[in-house]
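Student: Next comes the structure file start30.csv, holding CSV, C-alpha atoms and all ligand atoms.
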```csv
chain,number,residue,atom,x,y,z
A,84,MET,CA,-66.2,79.4,-37.4
A,85,ASN,CA,-66.6,77.8,-40.8
A,86,GLN,CA,-69.9,79.0,-42.2
A,87,LYS,CA,-69.4,77.2,-45.5
A,88,THR,CA,-71.9,74.4,-46.4
A,89,ASP,CA,-70.5,70.9,-46.6
A,90,LEU,CA,-72.1,69.7,-49.8
A,91,LYS,CA,-71.8,66.0,-48.7
A,92,ASN,CA,-74.5,66.8,-46.1
A,93,LEU,CA,-77.0,67.5,-49.0
A,94,THR,CA,-79.2,65.1,-50.9
A,95,LEU,CA,-79.6,66.0,-54.6
A,96,PRO,CA,-82.9,67.9,-54.0
A,97,ALA,CA,-81.2,69.7,-51.1
A,98,LEU,CA,-78.3,70.6,-53.3
A,99,GLU,CA,-80.7,71.9,-56.0
A,100,GLN,CA,-82.2,74.1,-53.4
A,101,PHE,CA,-78.9,75.3,-52.1
A,102,LEU,CA,-77.7,76.3,-55.6
A,103,GLN,CA,-81.1,77.8,-56.5
A,104,GLY,CA,-80.8,80.0,-53.5
A,105,GLN,CA,-77.6,81.3,-55.1
A,106,GLY,CA,-79.4,81.9,-58.3
A,107,LYS,CA,-78.0,78.9,-60.1
A,108,GLU,CA,-79.7,76.7,-62.7
A,109,ARG,CA,-81.1,73.4,-61.5
A,110,PHE,CA,-79.0,71.2,-63.7
A,111,ARG,CA,-75.8,72.6,-62.0
A,112,ALA,CA,-76.8,70.6,-58.9
A,113,LEU,CA,-76.8,67.4,-60.9
A,114,GLN,CA,-73.4,68.2,-62.3
A,115,VAL,CA,-71.9,68.9,-58.9
A,116,PHE,CA,-73.5,65.9,-57.3
A,117,LYS,CA,-72.1,63.6,-60.0
A,118,TRP,CA,-68.7,65.1,-59.5
A,119,ILE,CA,-68.8,64.4,-55.8
A,120,TYR,CA,-70.2,60.9,-55.8
A,121,GLN,CA,-69.2,59.4,-59.2
A,122,GLN,CA,-65.8,61.1,-59.7
A,123,ASP,CA,-65.0,61.5,-56.0
A,124,ALA,CA,-64.1,65.1,-56.6
A,125,GLN,CA,-62.3,66.6,-53.6
A,126,GLY,CA,-62.6,70.2,-54.7
A,127,PHE,CA,-64.4,72.5,-57.1
A,128,ASP,CA,-61.3,73.0,-59.4
A,129,GLU,CA,-61.7,69.4,-60.6
A,130,MET,CA,-65.2,70.2,-62.0
A,131,THR,CA,-64.1,71.0,-65.5
A,132,ASN,CA,-67.6,71.2,-67.0
A,133,ILE,CA,-68.4,74.1,-64.7
A,134,SER,CA,-67.3,77.6,-65.4
A,135,LYS,CA,-64.4,79.1,-63.5
A,136,ALA,CA,-66.7,81.8,-62.2
A,137,LEU,CA,-69.1,79.4,-60.7
A,138,ARG,CA,-66.4,77.3,-59.3
A,139,ALA,CA,-65.0,80.4,-57.6
A,140,GLU,CA,-68.4,81.2,-56.2
A,141,LEU,CA,-68.8,77.7,-54.8
A,142,THR,CA,-65.5,77.9,-53.2
A,143,GLU,CA,-66.7,80.9,-51.3
A,144,SER,CA,-69.9,79.3,-50.0
A,145,ALA,CA,-69.3,75.6,-49.8
A,146,PHE,CA,-66.8,72.8,-49.4
A,147,ILE,CA,-66.5,69.1,-50.0
A,148,SER,CA,-65.6,67.2,-46.9
A,149,ASN,CA,-63.5,64.0,-46.9
A,150,LEU,CA,-62.4,61.2,-44.6
A,151,GLU,CA,-59.2,59.2,-44.9
A,152,PRO,CA,-58.7,56.2,-42.6
A,153,GLU,CA,-56.2,56.8,-39.9
A,154,ALA,CA,-55.6,53.1,-39.6
A,155,ILE,CA,-56.6,50.0,-41.5
A,156,GLU,CA,-56.3,46.5,-39.9
A,157,GLU,CA,-56.8,43.4,-41.9
A,158,GLY,CA,-57.8,40.1,-40.3
A,159,GLY,CA,-56.8,36.6,-41.4
A,160,ASP,CA,-60.2,36.2,-43.0
A,161,GLY,CA,-59.8,39.3,-45.2
A,162,THR,CA,-62.0,41.5,-42.9
A,163,ARG,CA,-60.8,45.0,-42.8
A,164,LYS,CA,-61.4,47.5,-40.0
A,165,TYR,CA,-61.0,51.2,-40.7
A,166,LEU,CA,-60.5,53.8,-38.0
A,167,PHE,CA,-61.6,57.3,-38.9
A,168,THR,CA,-60.7,60.3,-36.9
A,169,LEU,CA,-63.3,63.0,-37.4
A,170,GLY,CA,-62.7,66.7,-37.5
A,171,ASP,CA,-63.2,67.2,-33.8
A,172,GLY,CA,-60.9,64.4,-32.8
A,173,HIS,CA,-63.6,61.7,-32.1
A,174,ALA,CA,-63.3,58.4,-33.9
A,175,VAL,CA,-65.5,55.8,-35.4
A,176,GLU,CA,-64.9,52.5,-37.2
A,177,SER,CA,-66.2,50.8,-40.3
A,178,VAL,CA,-65.8,47.1,-41.1
A,179,LEU,CA,-65.4,45.6,-44.6
A,180,ILE,CA,-66.4,42.0,-44.9
A,181,PRO,CA,-65.4,40.4,-48.2
A,182,ILE,CA,-67.0,37.1,-49.0
A,183,GLU,CA,-66.4,35.4,-52.4
A,184,GLY,CA,-65.7,38.7,-54.0
A,185,ARG,CA,-68.9,40.3,-52.6
A,186,ASN,CA,-68.1,43.1,-50.2
A,187,THR,CA,-70.4,44.1,-47.3
A,188,LEU,CA,-69.5,47.3,-45.5
A,189,CYS,CA,-70.7,47.9,-41.9
A,190,ILE,CA,-70.8,51.6,-41.1
A,191,SER,CA,-71.2,53.7,-38.0
A,192,SER,CA,-74.0,56.2,-37.4
A,193,GLN,CA,-73.0,57.8,-34.1
A,194,VAL,CA,-69.9,58.3,-31.9
A,195,GLY,CA,-70.8,56.0,-29.0
A,196,CYS,CA,-74.4,55.1,-28.4
A,197,ALA,CA,-77.1,56.1,-25.9
A,198,MET,CA,-79.0,52.8,-25.9
A,199,ALA,CA,-76.8,51.2,-23.2
A,200,CYS,CA,-77.4,47.6,-24.2
A,201,GLU,CA,-75.6,45.6,-21.4
A,202,PHE,CA,-73.7,43.3,-23.7
A,203,CYS,CA,-72.4,45.9,-26.2
A,204,LEU,CA,-69.0,47.5,-26.0
A,205,THR,CA,-70.1,50.6,-27.9
A,206,GLY,CA,-73.0,51.0,-25.6
A,207,SER,CA,-70.7,51.2,-22.6
A,208,PHE,CA,-69.3,54.5,-23.9
A,209,LYS,CA,-72.5,56.4,-23.9
A,210,LEU,CA,-73.4,58.8,-26.7
A,211,THR,CA,-70.8,61.4,-27.6
A,212,ARG,CA,-72.6,62.8,-30.7
A,213,ASN,CA,-74.4,61.9,-33.9
A,214,LEU,CA,-72.5,61.6,-37.1
A,215,THR,CA,-73.4,64.0,-39.8
A,216,THR,CA,-74.7,62.9,-43.1
A,217,SER,CA,-71.3,63.6,-44.7
A,218,GLU,CA,-69.5,61.6,-42.0
A,219,ILE,CA,-71.8,58.6,-42.8
A,220,VAL,CA,-71.3,58.7,-46.6
A,221,ASN,CA,-67.6,59.6,-46.3
A,222,GLN,CA,-67.0,56.2,-44.6
A,223,ILE,CA,-68.3,54.5,-47.7
A,224,MET,CA,-66.3,56.7,-50.1
A,225,ALA,CA,-63.1,56.2,-48.1
A,226,VAL,CA,-63.5,52.4,-48.2
A,227,LYS,CA,-64.3,52.5,-51.9
A,228,ARG,CA,-61.0,54.3,-52.5
A,229,ASP,CA,-59.1,51.8,-50.5
A,230,LEU,CA,-60.7,48.9,-52.4
A,231,VAL,CA,-59.6,50.4,-55.7
A,232,ARG,CA,-56.0,50.9,-54.4
A,233,ASN,CA,-55.9,47.5,-52.7
A,234,PRO,CA,-58.7,45.0,-53.7
A,235,PRO,CA,-59.1,42.1,-51.3
A,236,ALA,CA,-58.1,38.7,-52.3
A,237,VAL,CA,-61.1,36.6,-53.1
A,238,PHE,CA,-61.8,34.2,-50.2
A,239,SER,CA,-63.7,31.2,-51.4
A,240,GLU,CA,-64.5,29.4,-48.2
A,241,GLY,CA,-67.9,31.0,-48.2
A,242,GLY,CA,-68.6,31.9,-44.6
A,243,SER,CA,-72.2,32.2,-43.9
A,244,CYS,CA,-72.2,35.3,-41.8
A,245,LEU,CA,-74.1,38.1,-43.4
A,246,VAL,CA,-77.3,39.8,-43.2
A,247,ASN,CA,-78.5,40.4,-46.6
A,248,ASN,CA,-76.0,38.3,-48.4
A,249,ASP,CA,-78.9,36.3,-49.5
A,250,ASP,CA,-78.5,36.6,-53.2
A,251,SER,CA,-80.9,33.8,-54.1
A,252,GLU,CA,-83.8,36.2,-54.1
A,253,ASP,CA,-82.6,38.6,-56.8
A,254,GLY,CA,-81.6,36.4,-59.8
A,255,GLU,CA,-78.0,37.6,-59.6
A,256,GLY,CA,-76.9,34.6,-57.6
A,257,GLU,CA,-74.3,33.3,-60.0
A,258,ASN,CA,-72.4,36.5,-60.6
A,259,MET,CA,-69.2,37.0,-58.7
A,260,GLY,CA,-69.0,40.5,-57.4
A,261,SER,CA,-66.2,42.8,-58.2
A,262,PRO,CA,-63.5,42.7,-55.5
A,263,ALA,CA,-63.3,46.5,-55.7
A,264,ALA,CA,-67.0,47.2,-55.4
A,265,ILE,CA,-69.1,47.6,-52.3
A,266,ARG,CA,-72.2,45.5,-52.7
A,267,ASN,CA,-74.1,45.7,-49.4
A,268,ILE,CA,-74.2,48.5,-46.8
A,269,VAL,CA,-75.3,47.6,-43.3
A,270,LEU,CA,-75.8,50.3,-40.6
A,271,MET,CA,-74.6,48.0,-37.9
A,272,GLY,CA,-71.4,49.7,-36.7
A,273,MET,CA,-71.2,52.0,-33.8
A,274,GLY,CA,-74.4,53.7,-32.8
A,275,GLU,CA,-78.2,53.4,-33.1
A,276,PRO,CA,-79.1,54.5,-36.6
A,277,LEU,CA,-82.7,55.2,-35.7
A,278,HIS,CA,-81.5,57.6,-33.0
A,279,ASN,CA,-79.9,59.7,-35.7
A,280,LEU,CA,-82.5,59.6,-38.5
A,281,ASP,CA,-82.2,63.3,-39.4
A,282,ASN,CA,-78.7,62.5,-40.7
A,283,VAL,CA,-79.1,58.8,-41.5
A,284,ILE,CA,-82.1,59.3,-43.9
A,285,PRO,CA,-80.3,61.8,-46.2
A,286,ALA,CA,-77.2,59.6,-46.1
A,287,ILE,CA,-79.3,56.6,-47.3
A,288,GLN,CA,-80.9,58.8,-50.0
A,289,ILE,CA,-77.4,59.7,-51.2
A,290,MET,CA,-76.4,56.0,-51.2
A,291,ILE,CA,-79.3,54.9,-53.2
A,292,ASP,CA,-79.5,57.8,-55.6
A,293,GLY,CA,-78.8,56.7,-59.2
A,294,ASN,CA,-76.7,59.8,-59.6
A,295,GLY,CA,-75.1,59.4,-56.2
A,296,LEU,CA,-73.5,56.3,-54.8
A,297,GLN,CA,-75.7,54.1,-56.9
A,298,LEU,CA,-76.4,51.4,-54.5
A,299,SER,CA,-79.6,49.4,-54.8
A,300,ASN,CA,-82.0,50.0,-51.9
A,301,ARG,CA,-82.3,46.3,-51.5
A,302,ARG,CA,-78.7,46.3,-50.5
A,303,VAL,CA,-78.9,48.7,-47.7
A,304,THR,CA,-79.9,47.4,-44.3
A,305,VAL,CA,-80.7,49.5,-41.2
A,306,SER,CA,-80.3,47.7,-37.9
A,307,THR,CA,-82.1,48.9,-34.8
A,308,CYS,CA,-82.4,47.9,-31.2
A,309,GLY,CA,-86.1,48.7,-31.5
A,310,LEU,CA,-87.0,52.4,-31.5
A,311,VAL,CA,-90.6,51.9,-32.5
A,312,PRO,CA,-91.7,55.5,-33.6
A,313,GLU,CA,-88.5,55.9,-35.6
A,314,MET,CA,-89.1,52.5,-37.3
A,315,ALA,CA,-92.4,54.0,-38.6
A,316,ARG,CA,-90.6,57.1,-39.7
A,317,LEU,CA,-87.9,55.2,-41.6
A,318,GLY,CA,-90.6,53.1,-43.3
A,319,ARG,CA,-92.5,56.3,-44.4
A,320,GLU,CA,-89.4,58.1,-45.6
A,321,ILE,CA,-87.4,55.3,-47.2
A,322,PRO,CA,-89.9,52.5,-47.7
A,323,ASN,CA,-87.7,50.0,-49.6
A,324,VAL,CA,-84.7,49.7,-47.3
A,325,ASN,CA,-84.0,46.4,-45.4
A,326,LEU,CA,-84.8,46.3,-41.7
A,327,ALA,CA,-82.8,44.3,-39.2
A,328,VAL,CA,-84.0,44.2,-35.6
A,329,SER,CA,-81.8,43.2,-32.7
A,330,LEU,CA,-84.2,41.2,-30.7
A,331,ASN,CA,-81.8,39.3,-28.5
A,332,ALA,CA,-84.3,38.2,-25.9
A,333,THR,CA,-87.7,36.4,-26.0
A,334,THR,CA,-89.2,37.7,-22.8
A,335,ASP,CA,-89.7,41.3,-21.7
A,336,GLU,CA,-88.2,40.4,-18.3
A,337,LEU,CA,-84.8,39.6,-19.9
A,338,ARG,CA,-85.0,42.2,-22.6
A,339,ASP,CA,-85.8,45.0,-20.1
A,340,ARG,CA,-82.6,44.0,-18.3
A,341,ILE,CA,-80.2,43.7,-21.2
A,342,MET,CA,-81.7,46.3,-23.5
A,343,PRO,CA,-83.1,49.3,-21.7
A,344,VAL,CA,-84.9,50.4,-24.8
A,345,ASN,CA,-87.4,47.6,-24.1
A,346,ARG,CA,-88.7,49.4,-21.1
A,347,SER,CA,-90.1,52.1,-23.5
A,348,TYR,CA,-91.0,49.8,-26.4
A,349,PRO,CA,-91.6,46.2,-25.2
A,350,ILE,CA,-91.5,43.2,-27.5
A,351,LYS,CA,-95.2,43.3,-28.4
A,352,ALA,CA,-94.9,46.9,-29.7
A,353,LEU,CA,-91.6,46.1,-31.4
A,354,LEU,CA,-93.1,43.2,-33.3
A,355,GLN,CA,-96.1,45.3,-34.3
A,356,ALA,CA,-93.8,47.9,-35.8
A,357,CYS,CA,-92.1,45.1,-37.7
A,358,ARG,CA,-95.4,43.9,-39.1
A,359,GLU,CA,-96.2,47.5,-40.2
A,360,PHE,CA,-92.9,48.2,-41.8
A,361,PRO,CA,-93.3,48.5,-45.5
A,362,LEU,CA,-91.1,45.8,-47.0
A,363,PRO,CA,-91.6,45.2,-50.7
A,364,GLY,CA,-92.5,41.8,-52.2
A,365,ARG,CA,-90.7,38.9,-50.8
A,366,ARG,CA,-88.3,40.6,-48.5
A,367,LYS,CA,-88.1,39.7,-44.9
A,368,VAL,CA,-87.3,41.4,-41.6
A,369,THR,CA,-83.9,40.1,-40.2
A,370,PHE,CA,-84.1,39.3,-36.5
A,371,GLU,CA,-80.7,39.5,-35.0
A,372,TYR,CA,-80.2,37.3,-31.9
A,373,VAL,CA,-77.0,37.6,-29.9
A,374,MET,CA,-76.7,34.3,-28.1
A,375,MET,CA,-75.2,34.6,-24.6
A,376,GLY,CA,-74.2,31.5,-22.8
A,377,GLY,CA,-76.8,30.6,-20.1
A,378,VAL,CA,-78.7,33.8,-20.6
A,379,ASN,CA,-80.8,33.4,-23.8
A,380,ASP,CA,-79.5,30.3,-25.5
A,381,SER,CA,-81.8,27.5,-24.4
A,382,LEU,CA,-84.3,25.6,-26.5
A,383,GLU,CA,-87.1,27.3,-24.6
A,384,ASP,CA,-85.7,30.5,-26.0
A,385,ALA,CA,-85.7,29.1,-29.5
A,386,LYS,CA,-89.3,28.0,-29.1
A,387,ARG,CA,-90.4,31.4,-27.8
A,388,LEU,CA,-88.5,33.1,-30.6
A,389,LEU,CA,-90.2,31.1,-33.2
A,390,ARG,CA,-93.6,31.9,-31.6
A,391,LEU,CA,-92.9,35.6,-31.5
A,392,ILE,CA,-91.8,36.0,-35.1
A,393,SER,CA,-93.7,33.4,-37.0
A,394,ASP,CA,-96.4,35.7,-38.4
A,395,ILE,CA,-93.8,38.2,-39.7
A,396,PRO,CA,-91.8,37.4,-42.9
A,397,ASN,CA,-88.5,36.7,-41.2
A,398,LYS,CA,-85.0,35.5,-41.3
A,399,VAL,CA,-82.9,35.0,-38.2
A,400,ASN,CA,-79.3,35.9,-37.7
A,401,LEU,CA,-77.8,34.1,-34.7
A,402,ILE,CA,-74.7,36.0,-33.5
A,403,PRO,CA,-72.7,34.1,-30.9
A,404,PHE,CA,-71.8,36.7,-28.2
A,405,ASN,CA,-68.3,38.2,-28.8
A,406,GLU,CA,-66.6,38.5,-25.5
A,407,HIS,CA,-64.9,41.7,-24.5
A,408,GLU,CA,-63.2,43.0,-21.4
A,409,GLY,CA,-65.4,44.4,-18.7
A,410,CYS,CA,-68.4,42.4,-19.7
A,411,ASP,CA,-69.4,39.3,-17.9
A,412,PHE,CA,-71.5,37.6,-20.5
A,413,LYS,CA,-70.1,34.5,-22.1
A,414,ALA,CA,-70.2,33.1,-25.6
A,415,PRO,CA,-72.6,30.2,-25.9
A,416,THR,CA,-71.3,26.6,-26.3
A,417,LYS,CA,-71.2,25.2,-29.8
A,418,ALA,CA,-73.7,22.6,-28.7
A,419,ALA,CA,-76.2,25.4,-27.6
A,420,ILE,CA,-75.7,27.2,-30.9
A,421,ASP,CA,-76.2,24.0,-32.9
A,422,ALA,CA,-79.3,23.0,-31.0
A,423,PHE,CA,-80.9,26.5,-31.3
A,424,HIS,CA,-80.0,26.7,-35.0
A,425,THR,CA,-81.3,23.2,-35.8
A,426,TYR,CA,-84.6,23.8,-33.9
A,427,LEU,CA,-85.3,26.8,-36.1
A,428,ILE,CA,-84.1,25.2,-39.4
A,429,ASP,CA,-86.3,22.2,-38.7
A,430,ARG,CA,-89.3,24.5,-38.5
A,431,HIS,CA,-88.4,26.1,-41.9
A,432,VAL,CA,-87.0,29.3,-40.5
A,433,THR,CA,-84.2,30.8,-42.6
A,434,VAL,CA,-81.3,30.9,-40.1
A,435,ILE,CA,-77.8,32.1,-40.5
A,436,THR,CA,-75.3,31.6,-37.7
A,437,ARG,CA,-72.6,34.2,-38.1
A,438,ASP,CA,-69.1,33.0,-37.9
A,439,SER,CA,-67.1,35.5,-36.0
A,440,ARG,CA,-65.6,37.4,-38.9
A,441,GLY,CA,-62.9,39.9,-37.9
A,442,GLY,CA,-62.6,38.5,-34.4
A,443,ASP,CA,-58.8,38.6,-34.6
A,444,ILE,CA,-58.8,42.4,-35.2
A,445,SER,CA,-61.7,43.2,-32.8
A,446,ALA,CA,-63.9,44.0,-35.7
A,447,ALA,CA,-66.7,41.5,-34.8
A,448,CYS,CA,-70.2,42.6,-33.8
A,449,GLY,CA,-70.3,44.6,-30.7
A,450,GLN,CA,-66.5,45.1,-30.5
A,451,LEU,CA,-66.2,48.4,-32.2
A,452,LYS,CA,-64.8,51.1,-30.0
A,453,GLY,CA,-63.2,53.9,-32.0
A,454,LYS,CA,-60.3,55.3,-30.0
A,455,LEU,CA,-62.3,55.8,-26.8
A,456,GLU,CA,-61.3,52.6,-25.1
A,457,LYS,CA,-57.6,53.0,-25.6
A,458,ASN,CA,-57.7,56.0,-23.2
A,459,ILE,CA,-59.4,54.0,-20.6
A,460,ASN,CA,-57.6,50.7,-20.8
A,461,ASP,CA,-54.1,51.4,-22.1
B,501,LIG,N1,-77.8,49.8,-32.7
B,501,LIG,C1,-78.1,48.9,-33.8
B,501,LIG,C2,-76.9,48.6,-34.6
B,501,LIG,C3,-75.5,48.3,-33.9
B,501,LIG,S1,-75.2,46.8,-33.1
B,501,LIG,C4,-78.7,47.6,-33.3
B,501,LIG,O1,-78.8,47.5,-32.0
B,501,LIG,O2,-79.1,46.8,-34.0
B,501,LIG,C5,-75.1,45.6,-34.3
B,501,LIG,C6,-75.4,44.2,-33.7
B,501,LIG,O3,-74.4,43.7,-32.8
B,501,LIG,C7,-76.7,44.2,-32.9
B,501,LIG,O4,-77.5,43.1,-33.3
B,501,LIG,C8,-76.2,43.9,-31.5
B,501,LIG,O5,-77.2,43.2,-30.7
B,501,LIG,C9,-75.0,43.1,-31.7
B,501,LIG,N2,-74.0,43.0,-30.7
B,501,LIG,C10,-73.7,44.0,-29.8
B,501,LIG,N3,-72.7,43.6,-28.9
B,501,LIG,C11,-72.4,42.3,-29.3
B,501,LIG,C12,-71.4,41.4,-28.8
B,501,LIG,N4,-70.6,41.7,-27.8
B,501,LIG,N5,-71.4,40.2,-29.4
B,501,LIG,C13,-72.2,39.9,-30.5
B,501,LIG,N6,-73.1,40.8,-31.0
B,501,LIG,C14,-73.2,42.0,-30.4
```
Any chance you could put this one into structure tokens?

Tutor:
Amino acid sequence: MNQKTDLKNLTLPALEQFLQGQGKERFRALQVFKWIYQQDAQGFDEMTNISKALRAELTESAFISNLEPEAIEEGGDGTRKYLFTLGDGHAVESVLIPIEGRNTLCISSQVGCAMACEFCLTGSFKLTRNLTTSEIVNQIMAVKRDLVRNPPAVFSEGGSCLVNNDDSEDGEGENMGSPAAIRNIVLMGMGEPLHNLDNVIPAIQIMIDGNGLQLSNRRVTVSTCGLVPEMARLGREIPNVNLAVSLNATTDELRDRIMPVNRSYPIKALLQACREFPLPGRRKVTFEYVMMGGVNDSLEDAKRLLRLISDIPNKVNLIPFNEHEGCDFKAPTKAAIDAFHTYLIDRHVTVITRDSRGGDISAACGQLKGKLEKNIND
């Protein structure tokens, strides 16, 4: 068994502790951390400002893990889906969504998912295991490498599909992003991030560390189906991260049925947790609402939705249901989407209806499956 420590599982303070435990000076941790995240060092030999003796010692006690995509698929709209096979043979996917030179990366937090939402493909596979911190940050690092090798063409049609692509709030609106940089991270891939907080929190700390992946905390969004106690913990431990909540229903009756988590934390408790979540300044909770034809797409639903969220700083993401095999829900009609969208807009709600990016490569919301499904359906 490999007893060596994977340094990509450690935040900077944890790395300091690890090295101090080996009698090393504190500043060594910063050097090593920067090599890993800013230089993408794959091994200790690359760390040329560290003595050979220390490098040899580190090689004995630690290693730097890595992920390389096993497959990359690119859709007609520039969306890229990355398949990663993990050390134990399980697989997860990440999705890169480039819009006007601004890249959003959607990453996975678990292999499978325990939440069993009725409409979600990942949910139908049950939970296999949590991703480690290193497996979460390595998705980002692998995609960064791919972007440098192969920057996406700049698509200018300006799809309006993203959580958190709302640049009007930060004064950087006019700047084009760099096609080779990742601007936003959303934990909206496979898994329920709040069901794996022990590994997700250090991963976010590494993402937003100025010596680490150097992402702004306002560009990291955690999406949850509504694990109320964990929402409070996330808020306590990383108060400035963006919160997205998959609401998807406006009555407990329906939500109990399509999202079993609601039986433990019903809508009222969920909304209270949203009110208590420490969002700085003018930031808003994103409410995701997967519209399913004939299920939750009526004007009555739109009215109830507005009533539920109106006293919380909010924006709404309408996601037309993406159909997948083995699931009877249907996409809503365009008329239903338009009516729902218009009802909210007319009442001054910020609404984004996601176009289905990545649909042609099964990279759209709720379609990620790793390699699991192949074994079942092929
Ligand atoms: N577990 C987290 C993050 C993963 S799901 C969460 O529930 O928020 C990311 C989003 O995709 C959620 O809003 C979910 O409701 C939505 N989703 C799941 N299956 C979908 C499907 N088939 N079509 C459209 N959206 C889907």

Student: Kindly work out which residues sit at most 8 Å from ligand LIG 501 (chain B), using only C-alpha atoms and all ligand atoms, and give the list as a ChimeraX atom specification.

Tutor: /A:196,198,200,202-205,270-277,305-309,327-331,371-374,402-407,447-450

Student: Pick out the residues sitting within 9 Å of segment 128-139 of chain A, and hand them over as number ranges by chain; count all atoms listed in the file, and ignore anything fewer than 2 positions along from it in its own chain.

Tutor: A: 107, 111, 114-115, 118, 124-126, 141-143

Student: With all atoms listed in the file as the atoms that count, which of A:Gly106, A:Gly453, A:Pro363, A:Gly206 lies nearest to Glu153 of chain A?

Tutor: A:Gly453

Student: Can you measure atom CA of Gly441 of chain A to atom CA of Lys164 of chain A for me? One decimal in Å is fine.

Tutor: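 Those two atoms sit 8.0 Å apart.
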
Student: Give me the residues near segment 147-152 of chain A as a PDB file with C-alpha atoms, keeping the file's coordinate frame, where near means some atom within 8 Å (using only C-alpha atoms) and where sequence neighbours in that chain fewer than 5 positions away do not count.

Tutor:
```pdb
ATOM      1  CA  ASP A  89     -70.500  70.900 -46.600  1.00  0.00           C
ATOM      2  CA  LEU A  90     -72.100  69.700 -49.800  1.00  0.00           C
ATOM      3  CA  LYS A  91     -71.800  66.000 -48.700  1.00  0.00           C
ATOM      4  CA  ILE A 119     -68.800  64.400 -55.800  1.00  0.00           C
ATOM      5  CA  GLN A 125     -62.300  66.600 -53.600  1.00  0.00           C
ATOM      6  CA  GLY A 126     -62.600  70.200 -54.700  1.00  0.00           C
ATOM      7  CA  TYR A 165     -61.000  51.200 -40.700  1.00  0.00           C
ATOM      8  CA  LEU A 166     -60.500  53.800 -38.000  1.00  0.00           C
ATOM      9  CA  PHE A 167     -61.600  57.300 -38.900  1.00  0.00           C
ATOM     10  CA  THR A 168     -60.700  60.300 -36.900  1.00  0.00           C
ATOM     11  CA  LEU A 169     -63.300  63.000 -37.400  1.00  0.00           C
ATOM     12  CA  SER A 217     -71.300  63.600 -44.700  1.00  0.00           C
ATOM     13  CA  GLU A 218     -69.500  61.600 -42.000  1.00  0.00           C
ATOM     14  CA  ASN A 221     -67.600  59.600 -46.300  1.00  0.00           C
ATOM     15  CA  GLN A 222     -67.000  56.200 -44.600  1.00  0.00           C
ATOM     16  CA  ALA A 225     -63.100  56.200 -48.100  1.00  0.00           C
TER      17      ALA A 225
END
```

Student: What is the distance, in Å and to one decimal place, between atom CA of Cys410 of chain A and atom CA of Ser207 of chain A?

Tutor: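 Atom CA of Ser207 of chain A lies 9.5 Å from atom CA of Cys410 of chain A.
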
Student: In Å to one decimal, how far is atom CA of Met314 of chain A from atom CA of Cys357 of chain A?

Tutor: 8.0 Å
